[in-house]
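Beneath this line is the structure, given in structure tokens, with notes to follow.
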Amino acid sequence: MALDNQKNREFKVVGTRPDRPDGLDKVTGRAKFGADAYATGMLHAAILRSPHAHAKILSINTQKAEALKGVKAVVTRKDFSTSVTGENWNVLENVMAGDTALYDGHAIAAIAATSSLIARDAIKLIEITYDIIPHVTDVDKAMENGAPIIRANAGDGSVPKGMHPNVVRYHESGHGDLEAGFSSADLVIEDTFKTEATHQGYIEPHACLAQLGGDGKGELWCCTQGHFQVQKVCAALLDIETSALRVTASEIGGGFGGKTAIFIEPVALALSRKTNRPVKLVMSRSEVFRATGPTSSTSMDIKIGMKKDGTITAGSGIFRLQGGAFPGAPMEFTAMCAFAPYNLQNVQQIGYDVLNNRPKQAAYRAPGSPMAAFAVESVIDELCNQLKLDPIEVRLKNASKEGTKASFGPKWDKIGLVECLESAKNHPHYSSPLLEGQGRGISSGFWFNHGGETAVSLALSEDGTAALSVGTPDIGGSRASMCQFAAEELGIPYEKIRTTIADTATLGYNEVSHGSRVTYATGLATIKAARDAVKKLCARAANKWEIDEDAVIWEDGCAKPSGPNAGSFEPMPLAEITKKMGKTGGPIVGHFEATPEGAGVSFATHIVDAEVDQETGKTKIIKYTVIQDAGKAIHPSYVEGQYQGGAAQGIGWALNEEYIYGDDGRLQNSGFLDYRIPVASDLPMIDTVIVEVPNPGHPYGVRGVGETSICPPLAAIANAVSNAAGVRLKELPMSPVRILEALENKA
Amino acid sequence: MDLYANNTGELLIALVEKFPSLKHVVDAGVSIVIDGKVMAYSLSEPVHSENEIYLLQRIKGG
Amino acid sequence: MNKIHVNTEVNGDDVEFLCDTRETLLDALRDRLNLTGAKEGCGTGDCGACSITLDDRLVCSCLVLGVEAEGKSIGTVEGIANGEDLHPLQQKFIEYAALQCGICTPGILVATEALLKKNPDPTETEVRYWLAGNLCRCTGYDKIIRAVMDTARDLREAS
């Protein structure tokens, strides 16, 4: 699966900007998203959710609800499997409460009725008796003596003795001698940083249409980042066989990691099984905020030592993350990403995963990494300011490179951090003048990226066109890139390839679209499948020409003799071979199944200029530049799109977005009015630079790009705001209230 | 440390045998890094005594 | 549970449907008339994914009751193209990659078409403020604004 050995390959389709194949459907409203499916005899479902942050469920009485005309079935936890364990148990406990409501919004029961209005009326008639018990929604408070215990014995055995039972997992990594490192520094800065939970904020709420018969066979339509995972998990939760459930992924209206988790599909399936009718379940926006998967909130202690010449002598970080009422807060990624951009002799990272009475966290682009960057890059910036050093020069001086030891242990393979930093240093943005009241911030950012199980199939039609079936939902425009890969390898025009996201019955298992893996892994698989098809096409030509298969090459979409010794035959175009394929050996299909290892990491550098209004505390983003390593940009417009999208989300996270919990443990801002994401008038144009340091693990050098773009913004903006306002903010978001408070305290 | 293993799969089994408290972590999913190359899944990747090997919690994304 | 019979005009066609008094116009368009282009992103008028025109006025259809459509003229994303011919805005959006997941696209197209009808020569700031009621989480708005500005220029030059 390594980088191709064709050094001077001139790509014909890859690297260009063709129209995306699903564009027409999306601009005309024809594209079908999760809630756009309808079935004859369909029922509508609604879920009853706990209004309490933490409460024992003493009784559930559904009599009145079931008596309402139009109500066809009720489900509770009793209607699901009792034999799931491990992470499946966590998912089930979250999908429908057992004996305890663990957070405001936790699902307790669900109703299917003949209309969505009746279903919503009916859930109000379900009578639940609760015994409200103390709750905790703060990560630090949940670790203190006396904090309410969310679940006893939920730890995995790695947690140091003596910690509160809410601490369920532990991470420690690093190397060298911290004490020696700090003592040799000229300046040591130690500080604590906090970030609040945010939501991925996809505009499309979760929605599905489920059908499950008493014979254990089912069909499910849902918006998801991974329908094969949905199939696997739903089968387990409903005690049915995996292959008996066919899942089709709809178009998806945003995911960013939040739709790699399962919340409503098992409920719709259970209701369908009980009623023997299709059931449609759509979440409201408020339900999405209260009961899907926001990020962790964090509390982080950072200590970094630097010499006068900018050498970082030591770095340490303690990262406390809460991931809701279940283990899984990505504290290990926070810990591993924190110092990843730096080549340190002495470094240590410690992470704690803490339970809270909050919803079960889910990934948001690069889970855990943005918060780490916020803390570490803020301290680096502070050190640079106090030692009067240039922030990019310092980062270059200490930069991780191929062969240096990463903060979390292994030696780096080929990476593009230095290239990004150099590009930033030479970018006109970096040297452009700042006006009064404006400040500039820089930050590095890092994400691992991922390979994962992948299976694709490329079927050729007799008219010389091709149908590519992939199993990774298109969350960013990947179908265009897949068509480009196939067109490049087959040598036929881009327009002659149609890429479809196939259902679970059509392909082998595909891991969810996450980890920036699709262009890397599905792309790699598409290249391999196309080469497989090409091999078969060449075999047909060889047969016709009566020469050895090895004597046939594929060039410009045609089979050709490999040289004058092979024979003199006219090139045989693909369409000529496929026209007769039924008679020359049968259908020609290329396919590839594997778990590719070798996803390349992606580093980024962001530059941002911000202006702070000292009277109102409002921050305006004046200028923003994203510089990131893509390895090889297949469709530059969609790579730019990922850069801009991640930056915009980071801007919202840095300045406005936060989960606000009341003293009663209830979410106070479960709507777009009070959970304020960036709107068009908040942002400037976002400039992008695509750096290409090829990934040795992919035939064309592709690195995933979807996630890293959210890693630098929190710190870059914090640094810009600090430099603009003259005060360092250590808590996100840097809302006007917080900025005014900080300015007041300074004065 | 001393362990006997021919490939990544055997390595994990040997580790858990020697350090039973690692079982939870391994079951939850680990990526094995061999000389800087991350193996997120493969249990059949060969390992040799000269390799530098790290275990990381399994990389997942968003 | 008595449904009301509503007569209205959508994208130039006379249509009728039955709806509950509690249903929104968004519900009626989607569930009664199978016009699923308008999307429910929030149900509270904050995201603009349900944008339509009601007697040429840009509104959130989730804030209008189904019964209020009686006797009115409605414009949805399905009416923007002219048969097979896409509106220049739609063409430009595809060309400029001004959409990623596409869920906000119908609302943004309806809103932008309404803007250009009212003001064929908007500044970047005017476009941004006009679209402030249409949330997009994927693109950061950059390519959307460029597509709108360039389409406006193309339309001005063509006329």
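Following the order of the structure tokens, chains are lettered A, B, ..., residues in each are numbered from 1, and ligands are numbered from 1.
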
Check: which chain B residues lie within 7 Å of chain A using only C-alpha atoms, as a PDB file with C-alpha atoms, in the first residue's frame:
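Once written, selection11.pdb looks like this:
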ATOM      1  CA  SER B  21      -4.010  -5.369  34.515  1.00  0.00           C
ATOM      2  CA  HIS B  24      -8.851  -3.935  29.931  1.00  0.00           C
ATOM      3  CA  VAL B  33       3.630   1.354  16.640  1.00  0.00           C
ATOM      4  CA  ASP B  35       9.566   1.662  14.304  1.00  0.00           C
ATOM      5  CA  GLY B  36       7.264   4.644  13.861  1.00  0.00           C
ATOM      6  CA  LYS B  37       4.663   2.886  11.722  1.00  0.00           C
ATOM      7  CA  VAL B  38       1.244   2.764  13.347  1.00  0.00           C
ATOM      8  CA  MET B  39      -0.610  -0.563  13.145  1.00  0.00           C
ATOM      9  CA  ALA B  40      -4.152   0.083  14.286  1.00  0.00           C
ATOM     10  CA  TYR B  54       5.022   1.365  21.375  1.00  0.00           C
ATOM     11  CA  ILE B  59      -6.811   5.959  17.372  1.00  0.00           C
ATOM     12  CA  LYS B  60     -10.376   6.934  16.590  1.00  0.00           C
ATOM     13  CA  GLY B  61     -11.478  10.029  14.836  1.00  0.00           C
ATOM     14  CA  GLY B  62     -14.402  12.285  14.250  1.00  0.00           C
TER      15      GLY B  62
END

Considering only C-alpha atoms, give me a table of residues in chain C that are at most 7 Å from chain A, with the closest atom pair and distance in Å for each, as a tab-separated table.
residue	atom	partner	partner_atom	distance
C:Thr36	CA	A:Asp36	CA	6.1
C:Gly37	CA	A:Gly29	CA	4.0
C:Gly41	CA	A:Ile203	CA	5.2
C:Cys42	CA	A:Arg285	CA	4.8
C:Asp46	CA	A:Phe672	CA	5.9
C:Val77	CA	A:Gly29	CA	6.1
C:Glu78	CA	A:Thr28	CA	5.7
C:Gln90	CA	A:Val27	CA	5.8
C:Ile94	CA	A:Gly23	CA	5.6
C:Glu95	CA	A:Asp19	CA	5.9
C:Ala97	CA	A:Ser637	CA	6.3
C:Gln100	CA	A:Gly476	CA	5.2
C:Cys101	CA	A:Gly253	CA	5.2
C:Gly102	CA	A:Lys26	CA	5.6
C:Ile103	CA	A:Gly253	CA	4.9
C:Thr105	CA	A:Val27	CA	6.3
C:Pro106	CA	A:Gly29	CA	6.0
C:Arg128	CA	A:Ser681	CA	4.7
C:Tyr129	CA	A:Ser681	CA	5.2
C:Leu131	CA	A:Ala680	CA	6.2
C:Ala132	CA	A:Ala680	CA	5.1
C:Leu135	CA	A:Val679	CA	5.9
C:Arg137	CA	A:Tyr202	CA	6.1
C:Cys138	CA	A:Gly645	CA	4.9
C:Thr139	CA	A:Gly645	CA	4.5
C:Gly140	CA	A:Gly645	CA	4.7
C:Tyr141	CA	A:Ala680	CA	5.9
C:Asp142	CA	A:Met685	CA	5.1

Dump as a CSV table (one decimal), in the first residue's frame, selection limited to N, CA and C atoms:
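Done, and the output landed in again-v8.csv:
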chain,number,residue,atom,x,y,z
C,36,THR,N,-39.5,17.8,-0.2
C,36,THR,CA,-38.6,17.6,0.9
C,36,THR,C,-37.4,18.5,0.8
C,37,GLY,N,-37.3,19.4,-0.2
C,37,GLY,CA,-36.1,20.3,-0.3
C,37,GLY,C,-35.9,21.2,0.9
C,41,GLY,N,-34.0,22.1,10.5
C,41,GLY,CA,-32.7,22.0,11.2
C,41,GLY,C,-32.9,22.4,12.7
C,42,CYS,N,-34.0,23.1,13.0
C,42,CYS,CA,-34.1,23.5,14.4
C,42,CYS,C,-35.6,23.7,14.8
C,46,ASP,N,-34.2,29.5,13.8
C,46,ASP,CA,-32.8,30.0,14.0
C,46,ASP,C,-31.8,29.6,12.9
C,77,VAL,N,-37.1,25.6,-3.0
C,77,VAL,CA,-35.9,25.3,-3.8
C,77,VAL,C,-36.2,24.6,-5.1
C,78,GLU,N,-37.3,23.8,-5.0
C,78,GLU,CA,-37.7,23.0,-6.2
C,78,GLU,C,-38.1,23.8,-7.3
C,90,GLN,N,-27.4,28.1,-8.9
C,90,GLN,CA,-27.2,26.7,-8.6
C,90,GLN,C,-25.9,26.2,-9.3
C,94,ILE,N,-22.2,24.7,-7.5
C,94,ILE,CA,-21.6,23.4,-7.8
C,94,ILE,C,-20.1,23.7,-8.2
C,95,GLU,N,-20.0,24.7,-9.1
C,95,GLU,CA,-18.6,25.0,-9.7
C,95,GLU,C,-17.7,25.5,-8.6
C,97,ALA,N,-17.8,24.8,-5.4
C,97,ALA,CA,-17.8,23.9,-4.2
C,97,ALA,C,-18.3,24.7,-3.0
C,100,GLN,N,-20.9,21.5,1.0
C,100,GLN,CA,-20.2,20.2,1.3
C,100,GLN,C,-21.3,19.2,1.6
C,101,CYS,N,-22.0,19.2,2.8
C,101,CYS,CA,-23.0,18.2,3.0
C,101,CYS,C,-24.3,18.6,2.3
C,102,GLY,N,-24.5,19.8,2.0
C,102,GLY,CA,-25.7,20.3,1.2
C,102,GLY,C,-27.0,20.5,2.0
C,103,ILE,N,-27.0,20.3,3.3
C,103,ILE,CA,-28.3,20.4,4.0
C,103,ILE,C,-28.7,21.8,4.1
C,105,THR,N,-28.0,24.1,1.8
C,105,THR,CA,-28.0,24.6,0.4
C,105,THR,C,-29.4,25.0,-0.1
C,106,PRO,N,-30.5,24.2,0.1
C,106,PRO,CA,-31.8,24.7,-0.4
C,106,PRO,C,-32.1,26.1,0.3
C,128,ARG,N,-23.3,38.9,3.4
C,128,ARG,CA,-23.1,38.2,4.7
C,128,ARG,C,-24.2,38.5,5.7
C,129,TYR,N,-24.7,39.7,5.8
C,129,TYR,CA,-25.7,40.0,6.7
C,129,TYR,C,-27.1,39.4,6.2
C,131,LEU,N,-27.5,36.7,4.6
C,131,LEU,CA,-27.4,35.3,4.9
C,131,LEU,C,-27.1,34.9,6.3
C,132,ALA,N,-27.1,35.9,7.2
C,132,ALA,CA,-26.9,35.6,8.6
C,132,ALA,C,-27.9,34.7,9.2
C,135,LEU,N,-27.7,29.2,8.6
C,135,LEU,CA,-26.5,28.5,9.2
C,135,LEU,C,-25.9,27.5,8.3
C,137,ARG,N,-22.6,24.8,8.7
C,137,ARG,CA,-21.6,24.3,9.6
C,137,ARG,C,-20.4,23.7,8.9
C,138,CYS,N,-20.5,23.5,7.6
C,138,CYS,CA,-19.5,22.8,6.9
C,138,CYS,C,-18.4,23.7,6.2
C,139,THR,N,-18.9,24.8,5.6
C,139,THR,CA,-18.0,25.5,4.7
C,139,THR,C,-17.3,26.7,5.3
C,140,GLY,N,-17.8,27.3,6.4
C,140,GLY,CA,-17.2,28.5,6.9
C,140,GLY,C,-17.7,29.7,6.0
C,141,TYR,N,-18.6,29.5,5.1
C,141,TYR,CA,-19.3,30.5,4.3
C,141,TYR,C,-18.4,31.1,3.2
C,142,ASP,N,-17.1,30.9,3.2
C,142,ASP,CA,-16.2,31.5,2.2
C,142,ASP,C,-16.7,31.3,0.8

Of C:Leu109, C:Ala49, C:Val127, C:Val6, the one nearest to Gly79 (chain C) when counting only C-alpha atoms is C:Leu109

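Residues in contact range of region 17-25 of chain C, defined as at most 7 Å between only C-alpha atoms, with sequence neighbours fewer than 5 positions away removed, read Asn2, Lys3, Ile4, His5, Val6, Asn7, Arg32, Ser61, Cys62, Leu63, Val64, Leu65, Gly66 and Val67 of chain C.
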
When DSSP works through the backbone of this structure, what residues of chain B end up as strand (DSSP E or B), shown as a PyMOL selection string?
chain B and resi 7+30-34+37-39+46+53-57

Could you work out how far CA of Leu11 (chain B) lies from CA of His48 (chain B), giving the answer in Å with one decimal?
10.5 Å

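Closest approach to Ser31 (chain B) from the set B:Phe19, B:Met1, B:Glu52, B:Leu12 is made by B:Leu12, with distances taken over only C-alpha atoms.
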
For the structure I just gave you, how does DSSP split region 12-156 of chain C - specifically, which residues are alpha helix (DSSP H)? Reply as a VMD selection string.
chain C and resid 25 to 27 88 to 95 105 to 118 124 to 130 142 to 156

Please write the residues from the selection above to a file, keeping C-alpha atoms, as a short mmCIF file (atom, residue, chain, number, x, y, z; two decimals), in the first residue's frame.
data_model
loop_
_atom_site.label_atom_id
_atom_site.label_comp_id
_atom_site.auth_asym_id
_atom_site.auth_seq_id
_atom_site.Cartn_x
_atom_site.Cartn_y
_atom_site.Cartn_z
CA LEU C 25 -45.98 25.01 6.67
CA LEU C 26 -42.64 23.16 6.66
CA ASP C 27 -44.41 19.97 7.79
CA PRO C 88 -26.95 30.51 -12.45
CA LEU C 89 -26.76 30.42 -8.65
CA GLN C 90 -27.15 26.66 -8.63
CA GLN C 91 -24.51 26.29 -11.36
CA LYS C 92 -22.09 28.52 -9.50
CA PHE C 93 -22.59 26.70 -6.18
CA ILE C 94 -21.56 23.43 -7.80
CA GLU C 95 -18.64 25.00 -9.66
CA THR C 105 -28.02 24.61 0.43
CA PRO C 106 -31.76 24.72 -0.38
CA GLY C 107 -32.34 27.41 2.27
CA ILE C 108 -29.33 29.41 1.15
CA LEU C 109 -30.37 29.25 -2.51
CA VAL C 110 -33.89 30.44 -1.72
CA ALA C 111 -32.51 33.24 0.46
CA THR C 112 -29.93 34.29 -2.10
CA GLU C 113 -32.38 34.28 -4.99
CA ALA C 114 -34.60 36.54 -2.90
CA LEU C 115 -31.64 38.85 -2.18
CA LEU C 116 -30.59 39.20 -5.81
CA LYS C 117 -34.18 39.95 -6.84
CA LYS C 118 -34.22 42.76 -4.30
CA GLU C 124 -19.84 41.35 0.49
CA THR C 125 -21.06 42.73 3.82
CA GLU C 126 -24.62 43.00 2.54
CA VAL C 127 -24.53 39.37 1.35
CA ARG C 128 -23.11 38.19 4.68
CA TYR C 129 -25.75 40.00 6.71
CA TRP C 130 -28.57 38.86 4.42
CA ASP C 142 -16.23 31.53 2.24
CA LYS C 143 -17.05 29.68 -0.99
CA ILE C 144 -20.77 30.45 -0.60
CA ILE C 145 -20.14 34.21 -0.46
CA ARG C 146 -17.80 34.01 -3.47
CA ALA C 147 -20.41 32.06 -5.44
CA VAL C 148 -23.12 34.59 -4.63
CA MET C 149 -20.96 37.65 -5.41
CA ASP C 150 -19.76 36.20 -8.71
CA THR C 151 -23.24 35.11 -9.76
CA ALA C 152 -24.56 38.59 -9.00
CA ARG C 153 -21.83 40.04 -11.18
CA ASP C 154 -22.57 37.55 -14.00
CA LEU C 155 -26.29 38.33 -13.88
CA ARG C 156 -25.62 42.08 -13.95
#

Work out how far apart CA of Ala486 (chain A) and CA of Thr499 (chain A) are and give it in Å to one decimal.
9.4 Å

Of the residues A:Leu125, A:Ala480, A:Ile392, A:Leu383, which is the one nearest to His635 (chain A), using only C-alpha atoms?
A:Ala480
